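For reference, the structure is listed below as structure tokens.
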Amino acid sequence: MQNKPVIQMLPDQVINKIAAGEVVERPASVMKELFENALDAGATQVDVDVIRGGQQLIAITDNGCGMGRDQALLSIERHATSKIRSEADIENIHTLGFRGEALAAISSVSRFTLITRPEEDLSGTEIQIAGGKMLSVEDIGCPVGTRMEIRNLFFNVPARRKFLRAEQTELSHIRQLFLVHALAHPETGMSLKVDERMVYNLPMAGKMEDRITELYNHGFFEQLLEIDHSDAEYKITGYAGLPQTGRKDRQDQYIFVNGRPAAAPVVYHALNEAYHSLIAKGRYPAVFLFIEMEPSLVDVNVHPTKKEVRFRRPNQLRDAVVAALNKALTFQTLEEEPPTSNFQLPTSPPPRPIRPKFETQKQMNEILVRPELIKGQKVEGRKSKETEHQTSNKELRTSNIERSTPSEEPLQVSRFTSQVSPAPAASPQSPWGWCRIVGKIGDNYVVLETEDGYVLMEPRAAHERVLFEKFMRAAHEHAVQKQGLLAPETVDLLPSDAQIVRENIADLQELGFGVSEFGGDTFIIDALPVYVQDGPAESLLVEIARELEKAGKKRGERELVQERIAQAACQTAVRTKDQLSDQEIEKLVADLAKTEMPYTSPRGRPTLIYTSFTELDRKFSRE
């Protein structure tokens, strides 16, 4: 007869090992728990030592508040913590750690040493544990703060040790985790030493700008735009990368919720929504996003390792993140003045900016391309640059761009009854303060010289961006101008496409499409939006209908219509093989300078590739 299973209590040592399986996945998990304890202790300096990818040693030293002997002994017990006191505290967590499981779990699968001293004690306490068994508790001389050493991780759990990756792989996880905490807490000094070699030594920065520059480089920081947005429930700050910072993974996307590094699908969805018309699909721009909210609005007690968080109002948070990113990416300025086609000549090109901040409207009205050659006026400035290049004005064709008024914009009229002037331009934000068109290369690219370097422009992508923003501006203002066709066109659609068009006729008409039912699955088109007037009417209607079907009504009303308009703009953009005249190039450069996102097309392709004079000097060894 088979013996019946007997239920019994597990020994504490077994319980700790089970908990270690959830909390301690790898050496980086150990570092995370100890790092969070150091920060919760109020440390202003945290030093990390790692040997052999953390398998031989992980040591973390901080100058926090430290612990007395009794508190130190209690800290290694399961569910002993100073972070929470009651059930209500779990719903209102202000610290990084709170469960009280980490030290008990870590000490049960390693050779663990704890050295600590509070400021009020003359001597500190040293506790040594091996595989969950207490070895010694002694007084020791040490500075104020805490040092924890974890040696021979998983020495008593061979199965777990076999599943560890190569030392370099484990070290890469540790370095990434260090970088995340360094970004989350720029006010804290941190260092990382690997195999007795100093890898990072970060002073107390105080500013996120300094910490990003230290961890990446100044050139990378120059491609970031500041985020600053607040509403009734959320405060969102940080930096959003320009489209050129995009890469094939999210490694440079950092999300911090109340100072805690976190992964949240709703925030990633918001990032995709904000960038969907700025960057190619499958590319992820750099983002450093700090979200502050009431602790009661976020649940951090979801994952054993606290990797993920859950929000009480995810939809509101998503909208707030999208609004914050849109505010940063559309380069809004604090003071705006009405656009004007008149401007003043500057006395010299603007000085080289520290980073690409966009000027106010008033300053933008003073921006010209090669001001010393416009209207016969001679202006001092940039003499050293001109002397250095020693290039005659005859060899370098100079652009003579001024702000164009809407009436200067050419329109095709072959299929239309009359011309209609486009909508007035929005407040322009140029990516350069001084610019000269040098010429064309390869029949496909335009070379521009700016005050800080040179730019290669791809005309087709640039034209797509210009058309897209004109159309979207008019759509948002409910002022889309449409052009009547000389002869109305009849379009026969598939039944599925016809049904979608039928359901969205009102929206299409609001966007400038003169569409009406003719009977059955046939429609009459007698007008098109002025910005896409050269597009084939039937294909435009079919593509919009099918995209609406894929996205659904809710998405179609907001972001999808924008995508379809972007696609329509792309279809009518200048062809790459087209040979643009000098005047057309000048007009295109001027229009691109007025756009809110001049760096990419609506499909995410780059419009401009910039190379600084500093980079050229470095390549030619002139530094």
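In the structure tokens, each chain is lettered A, B, ... as it comes, each chain's residues begin at 1, and ligands are numbered from 1 in order of appearance.
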
- Task: Find the spatial neighbours of stretch 174-188 of chain A, counting only C-alpha atoms, within a cut-off of 7 Å - ignore same-chain residues fewer than 5 positions away - and output them as a list in words.
- Result: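 The filter keeps Ala28, Thr44, Gln45, Met204, Ala205, Gly206, Lys207, Met208, Arg211, Phe256, Gly259 and Pro261 of chain A.
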
Could you write those residues out with N, CA and C atoms, as a PDB file, in the first residue's frame?
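Contents of part-v1.pdb, freshly written:
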```pdb
ATOM      1  N   ALA A  28      23.833  39.638 -10.888  1.00  0.00           N
ATOM      2  CA  ALA A  28      23.244  40.974 -11.027  1.00  0.00           C
ATOM      3  C   ALA A  28      22.045  41.156 -10.105  1.00  0.00           C
ATOM      4  N   THR A  44      25.211  58.618  -0.032  1.00  0.00           N
ATOM      5  CA  THR A  44      25.585  59.574  -1.077  1.00  0.00           C
ATOM      6  C   THR A  44      26.758  59.064  -1.906  1.00  0.00           C
ATOM      7  N   GLN A  45      27.317  57.912  -1.504  1.00  0.00           N
ATOM      8  CA  GLN A  45      28.400  57.279  -2.255  1.00  0.00           C
ATOM      9  C   GLN A  45      28.234  55.769  -2.141  1.00  0.00           C
ATOM     10  N   MET A 204      29.126  62.728  -7.596  1.00  0.00           N
ATOM     11  CA  MET A 204      27.748  63.174  -7.372  1.00  0.00           C
ATOM     12  C   MET A 204      27.435  64.277  -8.390  1.00  0.00           C
ATOM     13  N   ALA A 205      26.640  63.942  -9.401  1.00  0.00           N
ATOM     14  CA  ALA A 205      26.398  64.890 -10.491  1.00  0.00           C
ATOM     15  C   ALA A 205      25.364  65.934 -10.110  1.00  0.00           C
ATOM     16  N   GLY A 206      24.273  65.488  -9.531  1.00  0.00           N
ATOM     17  CA  GLY A 206      23.204  66.411  -9.195  1.00  0.00           C
ATOM     18  C   GLY A 206      22.266  66.660 -10.342  1.00  0.00           C
ATOM     19  N   LYS A 207      22.794  66.646 -11.574  1.00  0.00           N
ATOM     20  CA  LYS A 207      21.969  66.884 -12.756  1.00  0.00           C
ATOM     21  C   LYS A 207      22.001  65.666 -13.665  1.00  0.00           C
ATOM     22  N   MET A 208      20.845  65.388 -14.256  1.00  0.00           N
ATOM     23  CA  MET A 208      20.756  64.269 -15.182  1.00  0.00           C
ATOM     24  C   MET A 208      21.646  64.499 -16.400  1.00  0.00           C
ATOM     25  N   ARG A 211      25.141  63.298 -15.678  1.00  0.00           N
ATOM     26  CA  ARG A 211      25.263  61.847 -15.569  1.00  0.00           C
ATOM     27  C   ARG A 211      25.182  61.173 -16.937  1.00  0.00           C
ATOM     28  N   PHE A 256      11.755  55.248 -15.267  1.00  0.00           N
ATOM     29  CA  PHE A 256      11.872  55.289 -13.805  1.00  0.00           C
ATOM     30  C   PHE A 256      10.552  55.797 -13.231  1.00  0.00           C
ATOM     31  N   GLY A 259      11.514  57.084  -9.030  1.00  0.00           N
ATOM     32  CA  GLY A 259      12.912  56.772  -8.786  1.00  0.00           C
ATOM     33  C   GLY A 259      13.267  55.312  -8.932  1.00  0.00           C
ATOM     34  N   PRO A 261      13.759  51.986 -11.231  1.00  0.00           N
ATOM     35  CA  PRO A 261      13.808  51.447 -12.598  1.00  0.00           C
ATOM     36  C   PRO A 261      12.688  50.432 -12.781  1.00  0.00           C
TER      37      PRO A 261
END
```

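For the set A:Glu170, A:Asp228, A:Asp452, A:Asp507, the residue with the smallest atom-to-atom gap to A:Leu329 is A:Asp228, counting only C-alpha atoms.
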
- Using only C-alpha atoms, which of A:Ser136, A:Ser296, A:Thr607, A:Ser601 sits nearest A:Tyr445?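 Once distances to A:Tyr445 are computed over only C-alpha atoms, the minimum belongs to A:Thr607.
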
Can you list, as a compact mmCIF listing (two decimals) with C-alpha atoms, in the first residue's frame, every protein, DNA or RNA residue that comes within 7 Å of A:Ile51 when you count only C-alpha atoms, leaving out same-chain residues fewer than 5 positions away?
```txt
# COMPACT_ATOMS: atom_id res chain seq x y z
CA GLN A 56 33.62 34.92 -6.86
CA LEU A 57 32.85 38.28 -5.21
CA ILE A 58 30.27 41.03 -5.16
CA VAL A 194 35.80 44.90 -12.09
CA ASP A 195 38.64 42.47 -11.35
```

- Message: Neighbouring residues of A:Ile255 were defined as those with any atom within 10 Å, considering only C-alpha atoms; residues of the same chain fewer than 5 positions away were excluded. Please report them as a list in words.
- Response: Val180, Ala184, Gly238, Arg260, Pro261, Ala262, Ala263, Ala264, Val267, Tyr268, Val287, Phe288, Leu289, Phe290 and Ile291 of chain A

Output for the residues just chosen: N, CA and C atoms as a PDB file, in the first residue's frame:
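Done, and the output landed in result.pdb:
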```pdb
ATOM      1  N   VAL A 180      21.854  51.608 -15.028  1.00  0.00           N
ATOM      2  CA  VAL A 180      20.461  51.984 -14.758  1.00  0.00           C
ATOM      3  C   VAL A 180      20.357  52.736 -13.442  1.00  0.00           C
ATOM      4  N   ALA A 184      19.258  56.578 -12.590  1.00  0.00           N
ATOM      5  CA  ALA A 184      18.112  56.828 -11.719  1.00  0.00           C
ATOM      6  C   ALA A 184      18.463  57.767 -10.572  1.00  0.00           C
ATOM      7  N   GLY A 238      12.732  64.311 -17.999  1.00  0.00           N
ATOM      8  CA  GLY A 238      13.769  63.477 -18.592  1.00  0.00           C
ATOM      9  C   GLY A 238      14.201  64.005 -19.933  1.00  0.00           C
ATOM     10  N   ARG A 260      12.310  54.450  -9.227  1.00  0.00           N
ATOM     11  CA  ARG A 260      12.556  53.013  -9.335  1.00  0.00           C
ATOM     12  C   ARG A 260      12.660  52.617 -10.806  1.00  0.00           C
ATOM     13  N   PRO A 261      13.759  51.986 -11.231  1.00  0.00           N
ATOM     14  CA  PRO A 261      13.808  51.447 -12.598  1.00  0.00           C
ATOM     15  C   PRO A 261      12.688  50.432 -12.781  1.00  0.00           C
ATOM     16  N   ALA A 262      11.956  50.551 -13.866  1.00  0.00           N
ATOM     17  CA  ALA A 262      10.770  49.704 -14.033  1.00  0.00           C
ATOM     18  C   ALA A 262      10.528  49.429 -15.502  1.00  0.00           C
ATOM     19  N   ALA A 263       9.849  48.312 -15.741  1.00  0.00           N
ATOM     20  CA  ALA A 263       9.367  47.977 -17.083  1.00  0.00           C
ATOM     21  C   ALA A 263       7.853  48.019 -17.042  1.00  0.00           C
ATOM     22  N   ALA A 264       7.268  48.738 -17.987  1.00  0.00           N
ATOM     23  CA  ALA A 264       5.819  48.896 -18.008  1.00  0.00           C
ATOM     24  C   ALA A 264       5.348  48.893 -19.453  1.00  0.00           C
ATOM     25  N   VAL A 267       3.810  52.084 -20.878  1.00  0.00           N
ATOM     26  CA  VAL A 267       4.726  53.188 -21.198  1.00  0.00           C
ATOM     27  C   VAL A 267       5.419  52.924 -22.534  1.00  0.00           C
ATOM     28  N   TYR A 268       5.807  51.676 -22.780  1.00  0.00           N
ATOM     29  CA  TYR A 268       6.413  51.350 -24.069  1.00  0.00           C
ATOM     30  C   TYR A 268       5.430  51.609 -25.209  1.00  0.00           C
ATOM     31  N   VAL A 287      15.470  57.139 -24.772  1.00  0.00           N
ATOM     32  CA  VAL A 287      14.534  57.884 -23.926  1.00  0.00           C
ATOM     33  C   VAL A 287      14.940  57.682 -22.471  1.00  0.00           C
ATOM     34  N   PHE A 288      14.996  58.768 -21.730  1.00  0.00           N
ATOM     35  CA  PHE A 288      15.237  58.728 -20.294  1.00  0.00           C
ATOM     36  C   PHE A 288      14.016  59.373 -19.645  1.00  0.00           C
ATOM     37  N   LEU A 289      13.111  58.537 -19.140  1.00  0.00           N
ATOM     38  CA  LEU A 289      11.792  58.999 -18.718  1.00  0.00           C
ATOM     39  C   LEU A 289      11.630  58.823 -17.214  1.00  0.00           C
ATOM     40  N   PHE A 290      11.382  59.931 -16.518  1.00  0.00           N
ATOM     41  CA  PHE A 290      11.163  59.912 -15.080  1.00  0.00           C
ATOM     42  C   PHE A 290       9.703  60.278 -14.813  1.00  0.00           C
ATOM     43  N   ILE A 291       8.980  59.334 -14.240  1.00  0.00           N
ATOM     44  CA  ILE A 291       7.555  59.522 -13.970  1.00  0.00           C
ATOM     45  C   ILE A 291       7.359  59.599 -12.458  1.00  0.00           C
TER      46      ILE A 291
END
```

- Residues of stretch 42-224 of chain A in helix (DSSP H, G or I) according to DSSP, as a ChimeraX atom specification? /A:52-54,69-75,87-90,102-107,158-162,167-184,208-215,218-221

Could those residues be written to a file, using C-alpha atoms, as a short mmCIF file (atom, residue, chain, number, x, y, z; two decimals), in the first residue's frame?
```cif
data_model
loop_
_atom_site.label_atom_id
_atom_site.label_comp_id
_atom_site.auth_asym_id
_atom_site.auth_seq_id
_atom_site.Cartn_x
_atom_site.Cartn_y
_atom_site.Cartn_z
CA ARG A 52 34.87 36.96 -12.05
CA GLY A 53 31.52 38.29 -13.14
CA GLY A 54 30.23 38.33 -9.55
CA ARG A 69 24.48 45.11 16.34
CA ASP A 70 20.87 44.19 17.13
CA GLN A 71 19.55 45.77 13.94
CA ALA A 72 22.25 44.06 11.86
CA LEU A 73 21.37 40.63 13.31
CA LEU A 74 17.69 41.25 12.68
CA SER A 75 18.30 42.37 9.08
CA GLU A 87 -0.71 46.23 5.40
CA ALA A 88 -1.59 49.80 4.45
CA ASP A 89 2.10 50.59 3.87
CA ILE A 90 2.21 48.09 0.99
CA ALA A 102 16.81 39.73 0.16
CA LEU A 103 19.52 39.36 2.82
CA ALA A 104 18.11 36.09 4.18
CA ALA A 105 17.89 34.64 0.67
CA ILE A 106 21.35 35.83 -0.41
CA SER A 107 23.09 34.64 2.76
CA PRO A 158 25.50 23.28 -7.65
CA ALA A 159 22.47 23.02 -9.96
CA ARG A 160 21.94 26.79 -9.87
CA ARG A 161 25.64 27.47 -10.35
CA LYS A 162 25.69 25.35 -13.51
CA GLU A 167 31.69 35.49 -16.79
CA GLN A 168 31.48 38.15 -19.50
CA THR A 169 27.75 37.60 -19.89
CA GLU A 170 27.13 37.91 -16.14
CA LEU A 171 29.38 40.96 -16.04
CA SER A 172 27.41 42.62 -18.84
CA HIS A 173 24.23 42.25 -16.76
CA ILE A 174 25.99 43.79 -13.77
CA ARG A 175 27.29 46.72 -15.81
CA GLN A 176 23.86 47.35 -17.30
CA LEU A 177 22.27 47.31 -13.86
CA PHE A 178 24.91 49.71 -12.54
CA LEU A 179 24.22 52.06 -15.45
CA VAL A 180 20.46 51.98 -14.76
CA HIS A 181 20.91 52.90 -11.08
CA ALA A 182 23.46 55.56 -11.99
CA LEU A 183 20.90 57.18 -14.27
CA ALA A 184 18.11 56.83 -11.72
CA MET A 208 20.76 64.27 -15.18
CA GLU A 209 22.59 66.07 -17.97
CA ASP A 210 25.96 65.51 -16.29
CA ARG A 211 25.26 61.85 -15.57
CA ILE A 212 24.19 61.07 -19.15
CA THR A 213 27.28 62.83 -20.49
CA GLU A 214 29.51 60.82 -18.15
CA LEU A 215 27.96 57.46 -19.06
CA HIS A 218 28.53 64.82 -24.98
CA GLY A 219 27.77 64.08 -28.62
CA PHE A 220 25.05 61.65 -27.56
CA PHE A 221 23.53 64.19 -25.17
#
```

- Secondary structure check, strand (DSSP E or B) residues of stretch 222-308 of chain A, as a ChimeraX atom specification: /A:224-230,235-241,247,253-257,260-261,263,284,287-292,298-299,308

For the selection just defined, write its residues with C-alpha atoms to a file, as a tab-separated table (two decimals), in the first residue's frame.
```tsv
chain	number	residue	atom	x	y	z
A	224	LEU	CA	18.40	64.58	-26.73
A	225	LEU	CA	15.49	66.95	-26.12
A	226	GLU	CA	14.32	67.86	-22.64
A	227	ILE	CA	10.99	66.54	-21.35
A	228	ASP	CA	9.06	68.62	-18.83
A	229	HIS	CA	5.34	67.95	-18.44
A	230	SER	CA	2.93	67.98	-15.51
A	235	LYS	CA	4.97	64.76	-13.42
A	236	ILE	CA	7.06	63.54	-16.34
A	237	THR	CA	10.62	64.74	-16.90
A	238	GLY	CA	13.77	63.48	-18.59
A	239	TYR	CA	15.09	63.46	-22.13
A	240	ALA	CA	13.75	62.17	-25.45
A	241	GLY	CA	16.15	61.21	-28.23
A	247	ARG	CA	18.52	51.35	-32.50
A	253	GLN	CA	15.13	53.34	-23.23
A	254	TYR	CA	15.04	53.87	-19.47
A	255	ILE	CA	11.85	54.24	-17.45
A	256	PHE	CA	11.87	55.29	-13.81
A	257	VAL	CA	8.72	55.37	-11.71
A	260	ARG	CA	12.56	53.01	-9.34
A	261	PRO	CA	13.81	51.45	-12.60
A	263	ALA	CA	9.37	47.98	-17.08
A	284	TYR	CA	13.69	52.44	-30.80
A	287	VAL	CA	14.53	57.88	-23.93
A	288	PHE	CA	15.24	58.73	-20.29
A	289	LEU	CA	11.79	59.00	-18.72
A	290	PHE	CA	11.16	59.91	-15.08
A	291	ILE	CA	7.55	59.52	-13.97
A	292	GLU	CA	6.51	60.88	-10.58
A	298	VAL	CA	1.29	52.37	-8.78
A	299	ASP	CA	1.66	48.78	-7.54
A	308	GLU	CA	7.49	45.29	-13.44
```
